[in-house]
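Chemist: I am sharing model_33.cif, which consists of mmCIF, C-alpha atoms and all ligand atoms:
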```cif
data_entry
#
loop_
_atom_site.label_atom_id
_atom_site.label_comp_id
_atom_site.auth_asym_id
_atom_site.auth_seq_id
_atom_site.Cartn_x
_atom_site.Cartn_y
_atom_site.Cartn_z
CA MET A 198 13.34 4.42 -27.71
CA ASP A 199 10.05 4.26 -29.58
CA TRP A 200 8.21 7.38 -28.52
CA LYS A 201 4.41 7.24 -28.48
CA PRO A 202 2.29 10.27 -29.38
CA LEU A 203 0.38 11.77 -26.46
CA SER A 204 -3.04 12.82 -27.73
CA LYS A 205 -5.24 12.51 -24.69
CA MET A 206 -4.89 12.41 -20.90
CA LEU A 207 -7.17 12.07 -17.90
CA LEU A 208 -6.80 14.61 -15.10
CA ALA A 209 -8.15 13.52 -11.69
CA SER A 210 -8.43 17.07 -10.36
CA ALA A 211 -10.94 19.86 -9.88
CA SER A 212 -8.15 22.45 -9.73
CA PRO A 213 -8.27 25.03 -12.55
CA ARG A 214 -4.56 25.76 -11.83
CA ARG A 215 -3.57 22.17 -12.64
CA ARG A 216 -5.61 22.31 -15.85
CA GLU A 217 -3.90 25.53 -16.92
CA LEU A 218 -0.40 24.23 -16.12
CA LEU A 219 -1.03 21.03 -18.07
CA HIS A 220 -2.27 23.12 -20.99
CA GLN A 221 0.91 25.26 -20.74
CA LEU A 222 3.05 22.13 -21.18
CA LEU A 223 0.85 20.33 -23.72
CA PRO A 224 -1.37 22.88 -25.51
CA SER A 225 -2.79 20.46 -28.09
CA LEU A 226 -3.55 17.69 -25.58
CA GLN A 227 -7.15 16.55 -25.30
CA LEU A 228 -7.99 16.57 -21.62
CA GLU A 229 -10.69 14.58 -19.87
CA VAL A 230 -11.18 16.11 -16.41
CA ARG A 231 -12.54 13.76 -13.75
CA PRO A 232 -12.26 15.26 -10.25
CA ALA A 233 -11.69 12.69 -7.50
CA ASP A 234 -14.06 12.92 -4.60
CA ILE A 235 -12.00 11.62 -1.67
CA ASP A 236 -11.61 12.38 2.03
CA GLU A 237 -8.54 14.64 2.26
CA SER A 238 -8.28 14.72 6.04
CA GLN A 239 -5.01 13.91 7.76
CA VAL A 240 -4.47 10.59 9.49
CA GLY A 241 -2.73 10.91 12.85
CA LYS A 242 0.63 12.69 12.74
CA GLU A 243 1.39 12.07 9.10
CA ALA A 244 4.43 13.95 7.73
CA GLY A 245 3.89 16.24 4.73
CA GLU A 246 5.53 13.91 2.22
CA GLU A 247 3.52 10.88 3.33
CA LEU A 248 0.28 12.86 3.25
CA VAL A 249 0.65 14.28 -0.27
CA LEU A 250 1.72 10.92 -1.66
CA ARG A 251 -1.15 9.07 0.01
CA LEU A 252 -3.69 11.62 -1.27
CA ALA A 253 -2.36 11.79 -4.85
CA ILE A 254 -2.48 7.98 -5.02
CA ALA A 255 -5.97 7.91 -3.49
CA LYS A 256 -7.23 10.45 -6.07
CA ALA A 257 -5.73 8.44 -8.95
CA HIS A 258 -7.10 5.23 -7.51
CA ARG A 259 -10.63 6.58 -7.11
CA VAL A 260 -10.81 7.87 -10.69
CA ALA A 261 -9.04 4.83 -12.21
CA SER A 262 -11.47 2.46 -10.50
CA GLU A 263 -14.48 4.27 -11.98
CA LEU A 264 -13.21 4.61 -15.56
CA PRO A 265 -15.16 3.20 -18.48
CA ALA A 266 -13.08 0.70 -20.51
CA THR A 267 -12.92 3.17 -23.44
CA LEU A 268 -10.79 5.57 -21.35
CA ALA A 269 -8.55 3.02 -19.59
CA GLN A 270 -5.87 3.24 -22.32
CA TYR A 271 -5.00 6.91 -21.60
CA PRO A 272 -2.51 8.12 -18.98
CA LEU A 273 -4.18 9.40 -15.83
CA LEU A 274 -2.71 12.11 -13.61
CA ALA A 275 -3.53 13.07 -10.02
CA ALA A 276 -1.72 15.44 -7.66
CA ASP A 277 -1.85 16.80 -4.16
CA THR A 278 -0.19 19.94 -2.77
CA GLU A 279 0.55 20.81 0.84
CA VAL A 280 2.28 23.67 2.63
CA VAL A 281 4.54 22.19 5.30
CA LEU A 282 5.86 24.20 8.25
CA ASP A 283 8.32 22.60 10.69
CA GLY A 284 7.48 19.22 9.16
CA ARG A 285 3.71 19.62 9.66
CA PRO A 286 1.18 20.02 6.85
CA LEU A 287 -0.92 23.17 7.39
CA GLY A 288 -3.92 22.30 5.20
CA LYS A 289 -6.33 24.80 3.64
CA PRO A 290 -7.89 27.56 5.77
CA GLU A 291 -11.46 26.92 6.92
CA ASP A 292 -12.43 30.58 6.90
CA ALA A 293 -10.93 34.09 6.81
CA GLU A 294 -9.73 33.92 10.44
CA GLY A 295 -8.08 30.57 9.68
CA ALA A 296 -6.29 32.14 6.71
CA VAL A 297 -5.07 35.07 8.86
CA ASN A 298 -3.74 32.57 11.39
CA LEU A 299 -1.89 30.52 8.75
CA LEU A 300 -0.29 33.59 7.18
CA GLN A 301 0.80 34.90 10.59
CA ARG A 302 2.60 31.61 11.13
CA LEU A 303 4.28 31.78 7.70
CA SER A 304 5.37 35.44 8.09
CA GLY A 305 9.14 36.07 8.12
CA ARG A 306 10.02 32.39 7.76
CA ALA A 307 10.78 29.58 5.32
CA HIS A 308 8.34 26.75 4.62
CA GLU A 309 8.13 23.92 2.14
CA VAL A 310 5.53 23.34 -0.56
CA LYS A 311 5.24 19.68 -1.47
CA THR A 312 3.34 18.31 -4.44
CA ALA A 313 2.91 14.60 -5.09
CA LEU A 314 2.19 13.31 -8.58
CA ALA A 315 0.63 9.96 -9.41
CA LEU A 316 0.78 9.10 -13.11
CA VAL A 317 -0.93 5.90 -14.14
CA GLN A 318 -0.82 4.04 -17.43
CA GLY A 319 -2.55 0.66 -17.31
CA ALA A 320 -0.74 -1.38 -14.66
CA THR A 321 2.19 1.07 -14.42
CA TRP A 322 2.08 3.55 -11.54
CA LEU A 323 4.72 6.31 -11.36
CA THR A 324 4.82 8.56 -8.30
CA ALA A 325 7.03 11.43 -7.20
CA VAL A 326 7.11 14.17 -4.58
CA VAL A 327 8.63 17.56 -5.42
CA THR A 328 9.61 20.09 -2.75
CA THR A 329 10.06 23.85 -3.17
CA GLN A 330 11.30 26.06 -0.38
CA VAL A 331 9.38 29.34 -0.06
CA VAL A 332 10.55 32.21 2.14
CA PHE A 333 7.96 34.79 3.20
CA ARG A 334 8.99 38.32 4.11
CA HIS A 335 7.82 39.73 7.42
CA LEU A 336 4.12 40.62 7.13
CA ASP A 337 2.23 42.89 9.50
CA ASP A 338 -1.34 42.12 10.55
CA GLU A 339 -2.80 44.90 8.42
CA GLU A 340 -1.21 43.46 5.28
CA ILE A 341 -2.29 39.94 6.17
CA ARG A 342 -5.90 41.05 6.68
CA ALA A 343 -5.87 43.08 3.44
CA TYR A 344 -4.55 40.04 1.55
CA VAL A 345 -7.15 37.69 3.05
CA ALA A 346 -9.87 40.23 2.14
CA THR A 347 -8.97 39.71 -1.56
CA GLY A 348 -10.55 36.24 -1.23
CA GLU A 349 -7.53 34.55 -2.78
CA SER A 350 -6.72 32.37 0.28
CA GLY A 351 -9.88 30.30 0.10
CA ASP A 352 -9.15 26.97 -1.55
CA LYS A 353 -5.33 27.18 -1.38
CA ALA A 354 -2.95 25.11 0.73
CA GLY A 355 -1.33 27.44 3.30
CA GLY A 356 -3.86 30.20 2.50
CA TYR A 357 -1.96 31.94 -0.32
CA ALA A 358 -1.56 31.85 -4.09
CA ILE A 359 1.91 32.63 -5.42
CA GLN A 360 0.45 32.93 -8.94
CA GLY A 361 -1.82 35.74 -7.74
CA ARG A 362 -1.45 38.70 -5.41
CA GLY A 363 0.17 36.30 -2.96
CA ALA A 364 3.39 36.84 -4.97
CA ALA A 365 3.80 40.01 -2.92
CA LEU A 366 4.07 37.97 0.31
CA VAL A 367 7.08 36.05 -0.95
CA GLU A 368 10.72 37.07 -0.54
CA ARG A 369 12.19 34.22 -2.61
CA ILE A 370 11.74 30.61 -3.61
CA GLU A 371 14.20 27.79 -4.17
CA GLY A 372 13.06 25.10 -6.59
CA SER A 373 10.17 24.69 -8.99
CA TYR A 374 7.64 27.54 -9.24
CA THR A 375 4.99 25.41 -10.95
CA ASN A 376 5.28 22.98 -8.03
CA VAL A 377 4.03 25.72 -5.68
CA VAL A 378 1.05 26.39 -7.96
CA GLY A 379 0.15 22.68 -7.82
CA LEU A 380 1.77 20.84 -10.73
CA PRO A 381 5.58 20.55 -11.08
CA LEU A 382 5.97 20.57 -14.87
CA GLU A 383 9.65 19.59 -14.84
CA LYS A 384 8.93 16.35 -12.94
CA LEU A 385 5.74 15.69 -14.89
CA SER A 386 7.56 15.84 -18.23
CA GLN A 387 10.21 13.48 -16.83
CA LEU A 388 7.53 10.97 -15.76
CA LEU A 389 5.81 11.24 -19.15
CA ARG A 390 9.13 10.45 -20.87
CA GLU A 391 9.50 7.42 -18.57
CA LEU A 392 6.16 6.20 -19.90
CA GLY A 393 7.41 6.66 -23.46
CA TYR A 394 5.65 9.96 -24.23
CA LYS A 395 7.67 12.87 -25.56
CA VAL A 396 6.58 16.38 -24.69
CA PHE A 397 7.90 17.71 -28.03
C1 LIG B 401 0.73 27.32 -2.04
C2 LIG B 401 -0.24 27.38 -3.18
C3 LIG B 401 -1.26 26.44 -3.34
N1 LIG B 401 -2.13 26.52 -4.38
C4 LIG B 401 -3.19 25.54 -4.57
C5 LIG B 401 -2.80 24.35 -5.47
C6 LIG B 401 -3.87 23.35 -5.17
O1 LIG B 401 -4.94 23.55 -6.10
C7 LIG B 401 -4.34 23.73 -3.77
C8 LIG B 401 -4.04 22.60 -2.84
O2 LIG B 401 -5.12 21.72 -2.82
P1 LIG B 401 -5.14 20.24 -3.41
O3 LIG B 401 -5.94 19.41 -2.46
O4 LIG B 401 -3.75 19.79 -3.76
O5 LIG B 401 -5.92 20.38 -4.79
P2 LIG B 401 -7.39 20.91 -5.08
O6 LIG B 401 -8.31 20.61 -3.94
O7 LIG B 401 -7.29 22.36 -5.53
O8 LIG B 401 -7.79 20.06 -6.37
P3 LIG B 401 -7.88 18.44 -6.54
O9 LIG B 401 -7.77 17.80 -5.18
O10 LIG B 401 -9.20 18.17 -7.20
O11 LIG B 401 -6.73 18.11 -7.46
O12 LIG B 401 -3.62 24.91 -3.41
C9 LIG B 401 -2.02 27.54 -5.32
O13 LIG B 401 -2.82 27.60 -6.27
N2 LIG B 401 -1.03 28.47 -5.19
C10 LIG B 401 -0.12 28.45 -4.17
O14 LIG B 401 0.77 29.33 -4.11
#
```
Rewrite the coordinates I just gave you, this time as structure tokens.

Modeler:
Amino acid sequence: MDWKPLSKMLLASASPRRRELLHQLLPSLQLEVRPADIDESQVGKEAGEELVLRLAIAKAHRVASELPATLAQYPLLAADTEVVLDGRPLGKPEDAEGAVNLLQRLSGRAHEVKTALALVQGATWLTAVVTTQVVFRHLDDEEIRAYVATGESGDKAGGYAIQGRGAALVERIEGSYTNVVGLPLEKLSQLLRELGYKVF
């Protein structure tokens, strides 16, 4: 295989976590960040997997359709992460009470975190959904309220951040850790190789 050098990529995301994870994998990569402004609301009774895939593709599509010709040659990446409980996506909390409610539902149980990736290079579209199982320990209301008061829940699917103080809510995970934070680096490097880009 003739490997191509990967010098620059487009990231269709406003998430600082995704930027940091991409930098972890590819520290010398030049990154053009172009957040995708799309409607992220659920349509009917969409399952978690369908939802994340639809939204990652919609984000990639929005940014790809607005790209100047000078940037069209670079690979473009979009992602979407959801916390799924009993098959249903929970979304992000609207306010502190919403975050308390979400964390009460997650307490003492297992849930899934699903991230969809859409990686686009010209006419080639590669997509994937990665699932990690996360088990929360039993949390009492006082702990939940103290955690929400840290402000960490805000813009996070399921109302917690495993990369932050939310790590203390978790008993164990099965699967990719970076997937929970919003960008599964194992799958991303596999998709990049499929496009002919080597990570090393
Ligand atoms: C469960 C969990 C989610 N999250 C974050 C990852 C995602 O950024 C966010 C889910 O929202 P997303 O809609 O996937 O992403 P975003 O709105 O932050 O950014 P963009 O749409 O522009 O790409 O939740 C954590 O940071 N830590 C966690 O432990």

Chemist: When you count only C-alpha atoms, which of these residues is closest to Gln318 of chain A: A:Gln227, A:Ser373, A:Gln270, A:Gln387?

Modeler: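 The answer is A:Gln270, which sits nearest to Gln318 of chain A.
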
Chemist: Need the shell around Leu208 of chain A: protein/DNA/RNA residues with any atom at most 10 Å away, counting all atoms listed in the file. Skip same-chain ones fewer than 3 positions apart. Format as a list in words?

Modeler: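 In the requested form, the answer reads Lys205, Ala211, Ser212, Arg215, Arg216, Leu219, Leu228, Glu229, Val230, Arg231, Pro232, Ala233, Lys256, Ala257, Val260, Pro272, Leu273, Leu274, Ala275, Ala276 and Leu316 of chain A.
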
Chemist: Hey, which residues come within 7 Å of ligand LIG 401 (chain B) if we count only C-alpha atoms and all ligand atoms? Could you give them as a PDB file with C-alpha atoms, in the coordinates of the input?

Modeler:
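Saved the output as pocket.pdb:
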```
ATOM      1  CA  ALA A 209      -8.150  13.520 -11.690  1.00  0.00           C
ATOM      2  CA  SER A 210      -8.430  17.070 -10.360  1.00  0.00           C
ATOM      3  CA  ALA A 211     -10.940  19.860  -9.880  1.00  0.00           C
ATOM      4  CA  SER A 212      -8.150  22.450  -9.730  1.00  0.00           C
ATOM      5  CA  ARG A 214      -4.560  25.760 -11.830  1.00  0.00           C
ATOM      6  CA  ARG A 215      -3.570  22.170 -12.640  1.00  0.00           C
ATOM      7  CA  PRO A 232     -12.260  15.260 -10.250  1.00  0.00           C
ATOM      8  CA  ALA A 233     -11.690  12.690  -7.500  1.00  0.00           C
ATOM      9  CA  ALA A 275      -3.530  13.070 -10.020  1.00  0.00           C
ATOM     10  CA  ALA A 276      -1.720  15.440  -7.660  1.00  0.00           C
ATOM     11  CA  ASP A 277      -1.850  16.800  -4.160  1.00  0.00           C
ATOM     12  CA  THR A 278      -0.190  19.940  -2.770  1.00  0.00           C
ATOM     13  CA  GLU A 279       0.550  20.810   0.840  1.00  0.00           C
ATOM     14  CA  VAL A 280       2.280  23.670   2.630  1.00  0.00           C
ATOM     15  CA  VAL A 310       5.530  23.340  -0.560  1.00  0.00           C
ATOM     16  CA  ASP A 352      -9.150  26.970  -1.550  1.00  0.00           C
ATOM     17  CA  LYS A 353      -5.330  27.180  -1.380  1.00  0.00           C
ATOM     18  CA  ALA A 354      -2.950  25.110   0.730  1.00  0.00           C
ATOM     19  CA  GLY A 355      -1.330  27.440   3.300  1.00  0.00           C
ATOM     20  CA  TYR A 357      -1.960  31.940  -0.320  1.00  0.00           C
ATOM     21  CA  ALA A 358      -1.560  31.850  -4.090  1.00  0.00           C
ATOM     22  CA  ILE A 359       1.910  32.630  -5.420  1.00  0.00           C
ATOM     23  CA  GLN A 360       0.450  32.930  -8.940  1.00  0.00           C
ATOM     24  CA  VAL A 377       4.030  25.720  -5.680  1.00  0.00           C
ATOM     25  CA  VAL A 378       1.050  26.390  -7.960  1.00  0.00           C
ATOM     26  CA  GLY A 379       0.150  22.680  -7.820  1.00  0.00           C
TER      27      GLY A 379
END
```

Chemist: Find the distance between atom CA of Arg390 of chain A and atom CA of Ser204 of chain A and write it in Å to one decimal.

Modeler: 14.2 Å

Chemist: When you draw a straight line from atom CA of Leu207 of chain A to atom CA of Tyr374 of chain A, how long is it in Å?

Modeler: 23.1 Å

Chemist: How many Å lie between atom CA of Leu382 of chain A and atom CA of Tyr394 of chain A, rounded to one decimal?

Modeler: 14.2 Å

Chemist: Can you tell me, as a list in words, what residues are no more than 10 Å from segment 337-346 of chain A when counting only C-alpha atoms, ignoring any on the same chain fewer than 5 positions away?

Modeler: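 Non-adjacent residues within range: Asp292, Ala293, Glu294, Gly295, Ala296, Val297, Asn298, Leu299, Leu300, Gln301, Ser304, Gly305, Gly351, Gly356, Tyr357, Arg362, Gly363, Ala365 and Leu366 of chain A.
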
Chemist: Using all atoms listed in the file, which protein or nucleic acid residues come within 9 Å of Gly372 of chain A? Drop anything in the same chain fewer than 2 positions from it, and give the result as a ChimeraX atom specification.

Modeler: /A:327-331,370,374,376

Chemist: Just write the chosen residues, C-alpha atoms, as a PDB file, keeping the file's coordinate frame.

Modeler:
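File produced: part_16.pdb:
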```pdb
ATOM      1  CA  VAL A 327       8.630  17.560  -5.420  1.00  0.00           C
ATOM      2  CA  THR A 328       9.610  20.090  -2.750  1.00  0.00           C
ATOM      3  CA  THR A 329      10.060  23.850  -3.170  1.00  0.00           C
ATOM      4  CA  GLN A 330      11.300  26.060  -0.380  1.00  0.00           C
ATOM      5  CA  VAL A 331       9.380  29.340  -0.060  1.00  0.00           C
ATOM      6  CA  ILE A 370      11.740  30.610  -3.610  1.00  0.00           C
ATOM      7  CA  TYR A 374       7.640  27.540  -9.240  1.00  0.00           C
ATOM      8  CA  ASN A 376       5.280  22.980  -8.030  1.00  0.00           C
TER       9      ASN A 376
END
```

Chemist: Which of these residues is nearest to Asp283 of chain A, using only C-alpha atoms: A:Leu226, A:Ala244, A:Val367, A:Leu336?

Modeler: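 Looking only at the distances to Asp283 of chain A, the closest residue turns out to be A:Ala244.
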
Chemist: Between A:Leu264, A:Leu392, A:Val281, A:Ala253, which has the minimum distance to Ala315 of chain A (counting only C-alpha atoms)?

Modeler: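 Of the candidates, the smallest distance to Ala315 of chain A is held by A:Ala253.
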
Chemist: Would you please work out which residue, of A:Leu218, A:Val332, A:Leu248, A:Ala325, is nearest to Arg306 of chain A when using all atoms listed in the file?

Modeler: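 Nearest candidate to Arg306 of chain A out of A:Leu218, A:Val332, A:Leu248, A:Ala325: A:Val332.
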
Chemist: Name the closest residue to Arg259 of chain A among the candidates A:Leu314, A:Ala320, A:Pro224, A:Ile235; distances are taken between atoms, counting only C-alpha atoms.

Modeler: A:Ile235

Chemist: Measuring between only C-alpha atoms, which one of A:Leu282, A:Val326, A:Val240, A:Ala266 shows the shortest distance to Arg302 of chain A?

Modeler: A:Leu282
